[in-house]
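Asks: I'd like to ask you about the structure that follows.
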2 protein chains.
Amino acid sequence: MAGLAKDRKHPSPQLLANLRPAETARVFIEDVYPSIENGRFAAKRIVGEKVEVWADIFRDGHDILSARILWGLEGELDRRTAAMTHHGNDRWMGSFVPDKPGRYVYAIEAWTDTFASWQRDLKVRQAAGQPLEQEIEEGWRLLDRARIAPMARREAGSPEAAFRALAAEELAHTMAEALPQADRSISQDFPLRVDRPAARASAWYEMVPRSQGTEPGRSATFDDCIARLPDIAALGFDVVYLTPIHPIGQTNRKGRNNSTIAAPGDPGSFYAIGSAEGGHDAVHAELGGIEAFRRFVRACRDHEMEVALDFAIQCSLDHPWLSEHPDWFQRRPDGTIRYAENPPKKYEDIVNVDFYCSDWANLWKALRDVVLFWVGEGVKIFRVDNPHTKPFPFWEWMIREVQRQDPDVLFLSEAFTRPKVMKALAKLGFSQSYTYFTWRTTKAELGEYLSELTAFPTREFYRPNFFVTTPDILPYQLQSGEAWLFKARFALAATLSGAYGIYNGFELLEHEPLPGREEYLNSEKYEFKTRDWNKPGNIKGYIAQLNRLRRENPALQQTNDLRFLLLDHDGTIGFLKESGDGTNAIACAIAVSGAEPRQFWLHFGDLTIGPAGDRKRVAALVNLLDGSEHRLEWGGIRLTLDPAVNPMIVFRCLP
Amino acid sequence: MAGLAKDRKHPSPQLLANLRPAETARVFIEDVYPSIENGRFAAKRIVGEKVEVWADIFRDGHDILSARILWGLEGELDRRTAAMTHHGNDRWMGSFVPDKPGRYVYAIEAWTDTFASWQRDLKVRQAAGQPLEQEIEEGWRLLDRARIAPMARREAGSPEAAFRALAAEELAHTMAEALPQADRSISQDFPLRVDRPAARASAWYEMVPRSQGTEPGRSATFDDCIARLPDIAALGFDVVYLTPIHPIGQTNRKGRNNSTIAAPGDPGSFYAIGSAEGGHDAVHAELGGIEAFRRFVRACRDHEMEVALDFAIQCSLDHPWLSEHPDWFQRRPDGTIRYAENPPKKYEDIVNVDFYCSDWANLWKALRDVVLFWVGEGVKIFRVDNPHTKPFPFWEWMIREVQRQDPDVLFLSEAFTRPKVMKALAKLGFSQSYTYFTWRTTKAELGEYLSELTAFPTREFYRPNFFVTTPDILPYQLQSGEAWLFKARFALAATLSGAYGIYNGFELLEHEPLPGREEYLNSEKYEFKTRDWNKPGNIKGYIAQLNRLRRENPALQQTNDLRFLLLDHDGTIGFLKESGDGTNAIACAIAVSGAEPRQFWLHFGDLTIGPAGDRKRVAALVNLLDGSEHRLEWGGIRLTLDPAVNPMIVFRCLP
């Protein structure tokens, strides 16, 4: 055993000039979990929940190691510690519980436990009947080094007593504290983003504010929106997400169905942000201005809901920034402004800011300050429009700046693009992300997609928000307007993903498309609209029931603890979800294709549920829709499901 | 598209003070292959073979990217470049071929191809029938920036001609070179260790030099060893590995069968290195001293074999270092030297150096210089004894120091310990490693172990050397001495692993154990020994035949391209190996348990062989032992194998 005779020096960087400092470590710390791109990005966790940290920790030779986690909020001087224990094959684990939201860092520290190693060898020698005189003297010297020798040495009389004193387990604990750490290694810092629970689980209602009134052909106000809140709260939603609420440009204003010429009185697309009235920090006068918005925020709070705003960076041609900061925008060779475009598509009513213009720093700050302005108005969630067409570095900087000032703020990434770009945005800081859910309709597609989302590493940083429809997307599957399919898609979104959303009108089964397109006919993006929110055939009761089940069952307030169940019907998907503490387990069978009634076998096999250390096979089910109880037979249950009645069966599972 | 109007500045570190520089990159380079622990360690490759590099490369937005590899020997100022191409889903690949052994580094560089992006949009606009005047003017301005505009602009007359000129593919190539790289990102450096082919494929013969003579009771000399070389060369071995050749200590010399008291005339363990004659850089006088060793090295070279030496760091109590450098060794409280031990085991004839003594730097240099001394004597391979009980940082430093001076030098790690420690030594620089092969005897065990060794990431840094026996290990399975089992274990080692070895006496089926132990009775580690090298029953013909097949078939000169074949007999294992270029494919069926004759179906199914781009199913087999040819039926072949005749069938596969 090395390290006994005196304090050791480690090889200096001078001799090992060709090695980086980390390479001179004797104790290796490898394969650390959780870690995204080797600590380049933060893994995401929820406040109040246990963070498990795993690592391979080992060194050459046979000495005993100790290891612990050093963790804290980024920038905190004092790190907290959490012990790690060995779980076999040189893999160690420790855990801690962050008590408030924020950006954390953790590192792993490991070292040789000199005394414990010596003590183990002492006992082995004693058991082998070897002479121990020299070893006992070494023990006293170790105690000398720790300055606790005199007392211990005095207490021991005979060699046997000395052995007992030196072999005592308590002494190992004392000495572990008293001796300096030998061969100490410390890992790099790994970041962790810890969010409030709404980041993972929330039911969103997407509302177009100007469509919430009752008078056709004119804009609703926020007071009309307030009048809608009791109904939306009764449906069980957590977040009311508003499409942009700002003044709308006049120049090149879009007409109905995205026509390039607006008729007189056409309100224009609310994504053409800014007019002489103001820009991203103003509220459209027709909605009632900022005071009406403040009333709305308070009213949402009274209904235990919160407001999410749309952060869409483009500007209408009348946005104040165009005259105040002409250098934030690109011009064409003839000096005219460069409209937004995605060739051959043109967006004549908007222009994009130029993130790498010469005055970029002030532009970036101005955009950050827009978000901070609304944070000041009590808005803590932002749905970000098309983030994938803006620079990655901007998002990383902006989200961190905002969350440093208010760690409760959440951002939802509305990127429908290539998978690695969508994932990169999540890594860069977006709290939630839109997904391909809308286009995953078959049992096989849903199974594959959810398996990807809930597997390492995606599950560590990508929190899905399953929207069934959006103002831009009316999927082909729903264009037939069948009620059972609307219910089924809703049920899938609300149970498969911790966070999900509907867009107003979904509850009324709105489904008329632009022919041949996945877009709405007569979209309210370009015109005023009123609705009968209690139109016959609506599925509001269905929505309310399922949102209640979500609130009552923590298993449905998360995404990643998901296991698919064997179910012998191609048009029906079955799965089991469980809460982190193992106290709540929910099984669902949901029709995904074919409207016909069906019978099938839902098979649980050997799947276990329950708290760690007390896992048991699923034995019985409680139907949460009718309260009936069923015992499993042969590991499963035979079920009948008629989508026309209800495309979903949902059970609480009992061990 | 950003980046047109003028040269852009990127956000300065001042504004983005909370971001590290890498975080301001707009183009992401992720999931780089090959990479071990994120570039902390080198992946291993063979000189003259293609190194494929893969990475996810993408940015926000829709602009077109370019990427390339920058590679070269570590420390070289000029990097060579290799283009990368997009293979789908934002994954890119490029390759290069290192032309000499050494430590290389590579990085990936990626950037926005401004002109290609602009040109793509131009074509889309033209196809959509949009006016192009402004775009064409932008094109000229891009050419202006690249200082090639005047000529191009002059050539174009009409707008149509201007479009044709600006849309030309050659112009995209010209402009890619002429314009500065926009949004340039560069990855970290990733190291690569490139070795000569012997690192991956070599047949080792472990020789105890003093046992190569003919006169009982006395040491052989290197001239006796030289007399043995024609026989060993005829067996087809590439490497003659010698157990330690140094003077042996007198103090506490071990007697026969590791007894603590040596009888007069006992030679002692050759692992008790050093006496008054000299230490690690001396040759035992009884072997003939350094001159005899030099003759031996030359004789090996004449037989196209090379010498491997044993590097065992421990010292006998009579090693010159004990008096010259008393501070390199630990003492016990009473002042006596601390023997090597692994409690409760004691090794009274040796002491370990103290790698962290105060004079550690000179100790480390002295050990390095021992290796360099033998390198100077023409030895390019070192088998290192028990490296896992010496500090990791020492090995990393020492191996790099030696290989910097001579990149042909190879090190074999003799560590039989916990898997992660064995793998760590391979990552730190050992060119080859001993394995658990000796204890993997059943079909299932062999399948699992080889799957682990040949899977990512282990295959990238861990090169196995399968020894069937060693002076320390006579596995229980071979203690019955059955010839078919010796042949089968030999066949498994020689075909499953690119590198393998036997210990002298294996060819004579030596198998007498210390009762109840996996060790040899009357081990030549502790006594003089002579043998009849042509003893009846030897399997030298078998060994020679298989080594010849290894040399003739590149598929057997590597480890990682291995696929197990379905074979309906539990005691017989089947597999397919293929050379990197796809020109050679070998299938084997080898009996691993049960001595009885057997019939089985060897199933190839849809497995394909051949060069990339021209892969075909296996259609026919040539039996390499008898020359017979067979066509596959139903994707397989029915075979009869009698272990008593030959436990192996080996085929060359034809498409």
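Letters A, B, ... mark the chains of the structure tokens in the order given; residue numbers begin at 1 per chain; ligand numbers begin at 1, in order shown.
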How close does each residue of chain B get to chain A, giving the shortest atom pair and distance in Å to one decimal for every residue with an atom at most 6 Å away, counting only C-alpha atoms, sorted by chain and residue number, as CSV?

Replies:
```
residue,atom,partner,partner_atom,distance
B:Thr24,CA,A:Pro393,CA,5.1
B:Arg26,CA,A:Phe392,CA,5.8
B:Asp60,CA,A:His388,CA,5.1
B:Gly61,CA,A:Thr389,CA,4.2
B:Asp121,CA,A:Pro343,CA,5.9
B:Val124,CA,A:Pro344,CA,5.9
B:Arg125,CA,A:Pro344,CA,5.3
B:Pro343,CA,A:Asp121,CA,5.9
B:Pro344,CA,A:Arg125,CA,5.3
B:His388,CA,A:Asp60,CA,5.1
B:Thr389,CA,A:Gly61,CA,4.2
B:Pro391,CA,A:Asp60,CA,5.8
B:Phe392,CA,A:Arg26,CA,5.8
B:Pro393,CA,A:Thr24,CA,5.2
```

Asks: Kindly save the residues from that selection, with C-alpha atoms included, as a tab-separated table (two decimals), in the first residue's frame.

Replies:
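Written out: out-v9.tsv:
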```
chain	number	residue	atom	x	y	z
B	24	THR	CA	-20.68	30.94	-29.20
B	26	ARG	CA	-23.21	28.63	-34.54
B	60	ASP	CA	-29.75	26.74	-37.12
B	61	GLY	CA	-31.56	27.79	-40.26
B	121	ASP	CA	-31.97	29.93	-53.27
B	124	VAL	CA	-35.38	27.89	-56.36
B	125	ARG	CA	-36.50	31.44	-57.13
B	343	PRO	CA	-2.19	-9.44	2.19
B	344	PRO	CA	-2.16	-12.10	3.36
B	388	HIS	CA	-2.51	-2.66	-12.60
B	389	THR	CA	-0.58	-2.43	-9.34
B	391	PRO	CA	0.10	4.08	-10.96
B	392	PHE	CA	-2.00	4.85	-14.02
B	393	PRO	CA	-0.18	8.18	-14.55
```

Asks: Need to verify the contact set: Leu521 in chain B, 12 Å, only C-alpha atoms, exclusion of same-chain residues closer than 6 positions in sequence. Can you return it as number ranges by chain?

Replies: B: 256-258, 471-474, 479, 510-515, 527

Asks: Store the residues picked out above in a file with all heavy atoms, as a short mmCIF file (atom, residue, chain, number, x, y, z; two decimals), in the first residue's frame.

Replies:
```cif
data_model
loop_
_atom_site.label_atom_id
_atom_site.label_comp_id
_atom_site.auth_asym_id
_atom_site.auth_seq_id
_atom_site.Cartn_x
_atom_site.Cartn_y
_atom_site.Cartn_z
N ARG B 256 11.85 -24.65 -5.16
CA ARG B 256 10.90 -25.32 -6.06
C ARG B 256 9.46 -25.15 -5.57
O ARG B 256 9.21 -25.14 -4.36
CB ARG B 256 11.21 -26.82 -6.13
CG ARG B 256 12.55 -27.06 -6.80
CD ARG B 256 12.86 -28.55 -6.91
NE ARG B 256 14.07 -28.68 -7.71
CZ ARG B 256 14.30 -29.68 -8.57
NH1 ARG B 256 13.43 -30.66 -8.68
NH2 ARG B 256 15.40 -29.71 -9.28
N ASN B 257 8.57 -25.05 -6.53
CA ASN B 257 7.16 -24.88 -6.22
C ASN B 257 6.91 -23.73 -5.24
O ASN B 257 6.06 -23.81 -4.36
CB ASN B 257 6.56 -26.19 -5.70
CG ASN B 257 6.39 -27.20 -6.84
OD1 ASN B 257 5.84 -26.86 -7.88
ND2 ASN B 257 6.91 -28.40 -6.65
N ASN B 258 7.65 -22.67 -5.43
CA ASN B 258 7.43 -21.42 -4.69
C ASN B 258 7.68 -21.57 -3.19
O ASN B 258 7.11 -20.81 -2.40
CB ASN B 258 5.99 -20.92 -4.95
CG ASN B 258 5.85 -19.43 -4.64
OD1 ASN B 258 6.83 -18.69 -4.62
ND2 ASN B 258 4.63 -19.01 -4.39
N PRO B 471 2.84 -19.17 -17.64
CA PRO B 471 3.54 -19.85 -16.54
C PRO B 471 2.74 -19.79 -15.23
O PRO B 471 2.92 -20.64 -14.36
CB PRO B 471 4.85 -19.05 -16.42
CG PRO B 471 5.07 -18.48 -17.78
CD PRO B 471 3.70 -18.18 -18.31
N ASP B 472 1.84 -18.83 -15.10
CA ASP B 472 1.06 -18.70 -13.89
C ASP B 472 -0.30 -19.37 -13.95
O ASP B 472 -0.97 -19.51 -12.94
CB ASP B 472 0.80 -17.21 -13.58
CG ASP B 472 2.09 -16.44 -13.38
OD1 ASP B 472 2.96 -16.96 -12.66
OD2 ASP B 472 2.21 -15.34 -13.95
N ILE B 473 -0.77 -19.72 -15.15
CA ILE B 473 -2.15 -20.16 -15.30
C ILE B 473 -2.24 -21.43 -16.14
O ILE B 473 -2.03 -21.41 -17.36
CB ILE B 473 -3.02 -19.07 -15.97
CG1 ILE B 473 -2.85 -17.73 -15.24
CG2 ILE B 473 -4.48 -19.51 -15.98
CD1 ILE B 473 -3.44 -16.57 -16.01
N LEU B 474 -2.57 -22.53 -15.47
CA LEU B 474 -2.93 -23.76 -16.15
C LEU B 474 -4.42 -23.96 -15.87
O LEU B 474 -4.81 -24.45 -14.80
CB LEU B 474 -2.13 -24.95 -15.60
CG LEU B 474 -2.56 -26.33 -16.10
CD1 LEU B 474 -2.41 -26.46 -17.61
CD2 LEU B 474 -1.79 -27.43 -15.38
N GLN B 479 -6.49 -29.41 -17.46
CA GLN B 479 -5.71 -30.26 -16.55
C GLN B 479 -5.91 -31.74 -16.83
O GLN B 479 -5.16 -32.57 -16.35
CB GLN B 479 -6.03 -29.89 -15.09
CG GLN B 479 -5.59 -28.46 -14.78
CD GLN B 479 -5.75 -28.05 -13.33
OE1 GLN B 479 -6.16 -28.86 -12.50
NE2 GLN B 479 -5.40 -26.80 -13.03
N GLU B 510 1.53 -30.20 -21.86
CA GLU B 510 1.87 -30.23 -20.43
C GLU B 510 0.65 -29.78 -19.62
O GLU B 510 0.02 -28.77 -19.93
CB GLU B 510 3.06 -29.30 -20.15
CG GLU B 510 4.34 -29.86 -20.72
CD GLU B 510 5.57 -28.98 -20.43
OE1 GLU B 510 5.40 -27.93 -19.79
OE2 GLU B 510 6.67 -29.37 -20.85
N HIS B 511 0.35 -30.53 -18.56
CA HIS B 511 -0.93 -30.27 -17.88
C HIS B 511 -0.95 -30.69 -16.42
O HIS B 511 -2.01 -30.77 -15.82
CB HIS B 511 -2.07 -30.98 -18.61
CG HIS B 511 -1.91 -32.48 -18.62
ND1 HIS B 511 -1.18 -33.15 -19.58
CD2 HIS B 511 -2.39 -33.43 -17.80
CE1 HIS B 511 -1.21 -34.43 -19.34
NE2 HIS B 511 -1.94 -34.64 -18.26
N GLU B 512 0.21 -30.96 -15.82
CA GLU B 512 0.18 -31.45 -14.45
C GLU B 512 0.09 -30.27 -13.47
O GLU B 512 1.01 -29.46 -13.40
CB GLU B 512 1.40 -32.30 -14.15
CG GLU B 512 1.09 -33.37 -13.13
CD GLU B 512 2.25 -34.37 -13.00
OE1 GLU B 512 3.19 -34.31 -13.84
OE2 GLU B 512 2.22 -35.17 -12.06
N PRO B 513 -1.00 -30.18 -12.72
CA PRO B 513 -1.21 -29.01 -11.86
C PRO B 513 -0.70 -29.23 -10.44
O PRO B 513 -0.52 -30.37 -9.99
CB PRO B 513 -2.72 -28.89 -11.83
CG PRO B 513 -3.19 -30.31 -11.87
CD PRO B 513 -2.17 -31.08 -12.70
N LEU B 514 -0.49 -28.12 -9.73
CA LEU B 514 -0.48 -28.17 -8.28
C LEU B 514 -1.89 -28.58 -7.89
O LEU B 514 -2.85 -27.97 -8.35
CB LEU B 514 -0.19 -26.78 -7.70
CG LEU B 514 1.26 -26.34 -7.59
CD1 LEU B 514 1.33 -24.89 -7.10
CD2 LEU B 514 2.04 -27.25 -6.63
N PRO B 515 -2.01 -29.61 -7.04
CA PRO B 515 -3.36 -30.14 -6.80
C PRO B 515 -4.35 -29.04 -6.36
O PRO B 515 -4.06 -28.24 -5.48
CB PRO B 515 -3.13 -31.15 -5.68
CG PRO B 515 -1.71 -31.57 -5.83
CD PRO B 515 -0.98 -30.35 -6.33
N GLU B 527 12.66 -23.59 -11.10
CA GLU B 527 13.67 -24.64 -11.25
C GLU B 527 14.13 -24.72 -12.71
O GLU B 527 13.51 -24.16 -13.60
CB GLU B 527 13.11 -25.99 -10.80
CG GLU B 527 11.88 -26.45 -11.56
CD GLU B 527 11.25 -27.68 -10.90
OE1 GLU B 527 10.46 -27.51 -9.95
OE2 GLU B 527 11.56 -28.78 -11.34
#
```

Asks: Among range 469-508 of chain B, which ones does DSSP assign to alpha helix (DSSP H) (computed from the backbone)? Answer as a list in words.

Replies: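 Matching residues for alpha helix (DSSP H) in range 469-508 of chain B are Ala483, Trp484, Leu485, Phe486, Lys487, Ala488, Arg489, Phe490, Ala491, Leu492, Ala493, Ala494, Thr495 and Leu496 of chain B.
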
Asks: Write a file of the selected residues as a short mmCIF file (atom, residue, chain, number, x, y, z; two decimals), in the first residue's frame, keeping N, CA and C atoms.

Replies:
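result.cif, written as the output of this step:
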```
data_model
loop_
_atom_site.label_atom_id
_atom_site.label_comp_id
_atom_site.auth_asym_id
_atom_site.auth_seq_id
_atom_site.Cartn_x
_atom_site.Cartn_y
_atom_site.Cartn_z
N ALA B 483 -5.92 -34.10 -25.79
CA ALA B 483 -5.34 -33.44 -26.95
C ALA B 483 -6.37 -32.58 -27.69
N TRP B 484 -7.59 -33.11 -27.83
CA TRP B 484 -8.59 -32.35 -28.62
C TRP B 484 -8.88 -31.02 -27.97
N LEU B 485 -8.84 -30.96 -26.60
CA LEU B 485 -9.13 -29.72 -25.90
C LEU B 485 -7.98 -28.73 -26.08
N PHE B 486 -6.75 -29.22 -26.01
CA PHE B 486 -5.61 -28.34 -26.29
C PHE B 486 -5.73 -27.75 -27.70
N LYS B 487 -6.08 -28.63 -28.66
CA LYS B 487 -6.24 -28.13 -30.03
C LYS B 487 -7.39 -27.13 -30.13
N ALA B 488 -8.49 -27.43 -29.44
CA ALA B 488 -9.66 -26.56 -29.54
C ALA B 488 -9.36 -25.19 -28.93
N ARG B 489 -8.72 -25.19 -27.78
CA ARG B 489 -8.40 -23.90 -27.15
C ARG B 489 -7.41 -23.12 -28.02
N PHE B 490 -6.47 -23.85 -28.59
CA PHE B 490 -5.53 -23.20 -29.50
C PHE B 490 -6.27 -22.62 -30.70
N ALA B 491 -7.17 -23.39 -31.27
CA ALA B 491 -7.90 -22.93 -32.46
C ALA B 491 -8.75 -21.71 -32.11
N LEU B 492 -9.40 -21.74 -30.96
CA LEU B 492 -10.21 -20.58 -30.55
C LEU B 492 -9.35 -19.34 -30.43
N ALA B 493 -8.22 -19.46 -29.73
CA ALA B 493 -7.35 -18.30 -29.53
C ALA B 493 -6.84 -17.77 -30.87
N ALA B 494 -6.42 -18.70 -31.74
CA ALA B 494 -5.75 -18.29 -32.98
C ALA B 494 -6.72 -17.75 -34.03
N THR B 495 -8.01 -18.06 -33.89
CA THR B 495 -8.96 -17.57 -34.89
C THR B 495 -9.84 -16.44 -34.35
N LEU B 496 -10.18 -16.48 -33.07
CA LEU B 496 -11.05 -15.43 -32.54
C LEU B 496 -10.30 -14.11 -32.38
#
```

Asks: Neighbouring residues of range 404-416 of chain B were defined as those with any atom within 7 Å, considering only C-alpha atoms; residues of the same chain fewer than 6 positions away were excluded. Please report them as a list of chain:residue names.

Replies: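 Once the nearby chain positions are removed, what remains is B:Pro101, B:Gly102, B:Asp195, B:Arg196, B:Ala199, B:Lys380, B:Ile381, B:Phe382, B:Arg383, B:Val384, B:Asp385, B:Asn386, B:Pro387, B:His388, B:Met422, B:Phe430, B:Ser431, B:Gln432, B:Ser433, B:Tyr434.
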
Asks: Show me, as a VMD selection string, the residues that have an atom within 12 Å of Glu169 in chain B when counting only C-alpha atoms, minus same-chain residues fewer than 6 positions from it.

Replies: chain B and resid 115 to 116 119 to 120 123 163 175 to 176

Asks: Please provide the set of residues having any atom within 9 Å of Leu367 in chain A, restricted to only C-alpha atoms, with same-chain residues fewer than 4 positions apart removed, written as a list in words.

Replies: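 Near Leu367 in chain A, the qualifying residues are His280, Ile313, Asn362, Leu363, Val371, Leu372 and Met398 of chain A.
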
Asks: Got time to write the residues from that selection, C-alpha atoms, as a compact mmCIF listing (two decimals), in the first residue's frame?

Replies:
```txt
# COMPACT_ATOMS: atom_id res chain seq x y z
CA HIS A 280 -43.07 43.62 -28.93
CA ILE A 313 -39.08 37.82 -33.14
CA ASN A 362 -27.91 46.06 -28.68
CA LEU A 363 -30.33 44.00 -30.73
CA VAL A 371 -38.89 38.96 -22.51
CA LEU A 372 -37.90 40.58 -19.21
CA MET A 398 -30.89 34.84 -23.81
```

Asks: Taking 6 positions as the minimum chain separation for residues in the same chain, which residues sit within 12 Å of Gly236 in chain B when counting only C-alpha atoms? Answer as a list of chain:residue names.

Replies: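 Near Gly236 in chain B, the qualifying residues are B:Ser202, B:Ala203, B:Trp204, B:Tyr205, B:Leu229, B:Pro230, B:His303, B:Glu304, B:Met305, B:Ala494, B:Gly501, B:Lys540, B:Gly541, B:Tyr542, B:Ile543, B:Ala544, B:Gln545, B:Leu546, B:Asn547, B:Arg548, B:Leu549, B:Arg550, B:Arg551, B:Glu552.
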
Asks: Excluding Arg652 in chain B and residues on its chain fewer than 2 positions from it, collect all residues at most 8 Å away from it, counting only C-alpha atoms, and give them as a ChimeraX atom specification.

Replies: /B:584-587,621-624,650,654

Asks: Write a file of the just-selected residues containing N, CA, C and O atoms, as a short mmCIF file (atom, residue, chain, number, x, y, z; two decimals), in the first residue's frame.

Replies:
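Below you can see part_6.cif, which holds the result:
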```cif
data_model
loop_
_atom_site.label_atom_id
_atom_site.label_comp_id
_atom_site.auth_asym_id
_atom_site.auth_seq_id
_atom_site.Cartn_x
_atom_site.Cartn_y
_atom_site.Cartn_z
N ASN B 584 -11.59 -11.14 -48.08
CA ASN B 584 -11.29 -12.44 -47.47
C ASN B 584 -12.27 -12.67 -46.33
O ASN B 584 -12.42 -11.82 -45.45
N ALA B 585 -12.98 -13.81 -46.39
CA ALA B 585 -13.93 -14.14 -45.32
C ALA B 585 -13.73 -15.58 -44.91
O ALA B 585 -13.63 -16.47 -45.76
N ILE B 586 -13.63 -15.81 -43.62
CA ILE B 586 -13.34 -17.13 -43.07
C ILE B 586 -14.45 -17.51 -42.08
O ILE B 586 -14.82 -16.70 -41.22
N ALA B 587 -14.95 -18.72 -42.23
CA ALA B 587 -15.93 -19.23 -41.27
C ALA B 587 -15.33 -20.42 -40.53
O ALA B 587 -14.64 -21.24 -41.13
N LEU B 621 -18.51 -22.52 -49.87
CA LEU B 621 -17.45 -22.62 -48.89
C LEU B 621 -16.34 -23.51 -49.44
O LEU B 621 -16.60 -24.52 -50.09
N VAL B 622 -15.10 -23.12 -49.15
CA VAL B 622 -13.96 -23.97 -49.47
C VAL B 622 -13.35 -24.42 -48.14
O VAL B 622 -12.93 -23.59 -47.33
N ASN B 623 -13.32 -25.72 -47.91
CA ASN B 623 -12.72 -26.27 -46.70
C ASN B 623 -11.21 -26.11 -46.80
O ASN B 623 -10.57 -26.68 -47.68
N LEU B 624 -10.64 -25.32 -45.90
CA LEU B 624 -9.21 -24.99 -46.02
C LEU B 624 -8.33 -26.12 -45.50
O LEU B 624 -7.11 -26.06 -45.67
N VAL B 650 -12.68 -25.25 -40.85
CA VAL B 650 -12.46 -23.85 -41.24
C VAL B 650 -12.65 -23.72 -42.74
O VAL B 650 -12.13 -24.53 -43.52
N LEU B 654 -17.22 -17.92 -50.07
CA LEU B 654 -17.32 -17.29 -51.39
C LEU B 654 -18.72 -16.71 -51.56
O LEU B 654 -19.70 -17.31 -51.11
#
```

Asks: So which bits of range 301-343 of chain A end up strand (DSSP E) when you DSSP the backbone, as a VMD selection string?

Replies: chain A and resid 306 to 311 315 to 316 339 to 342
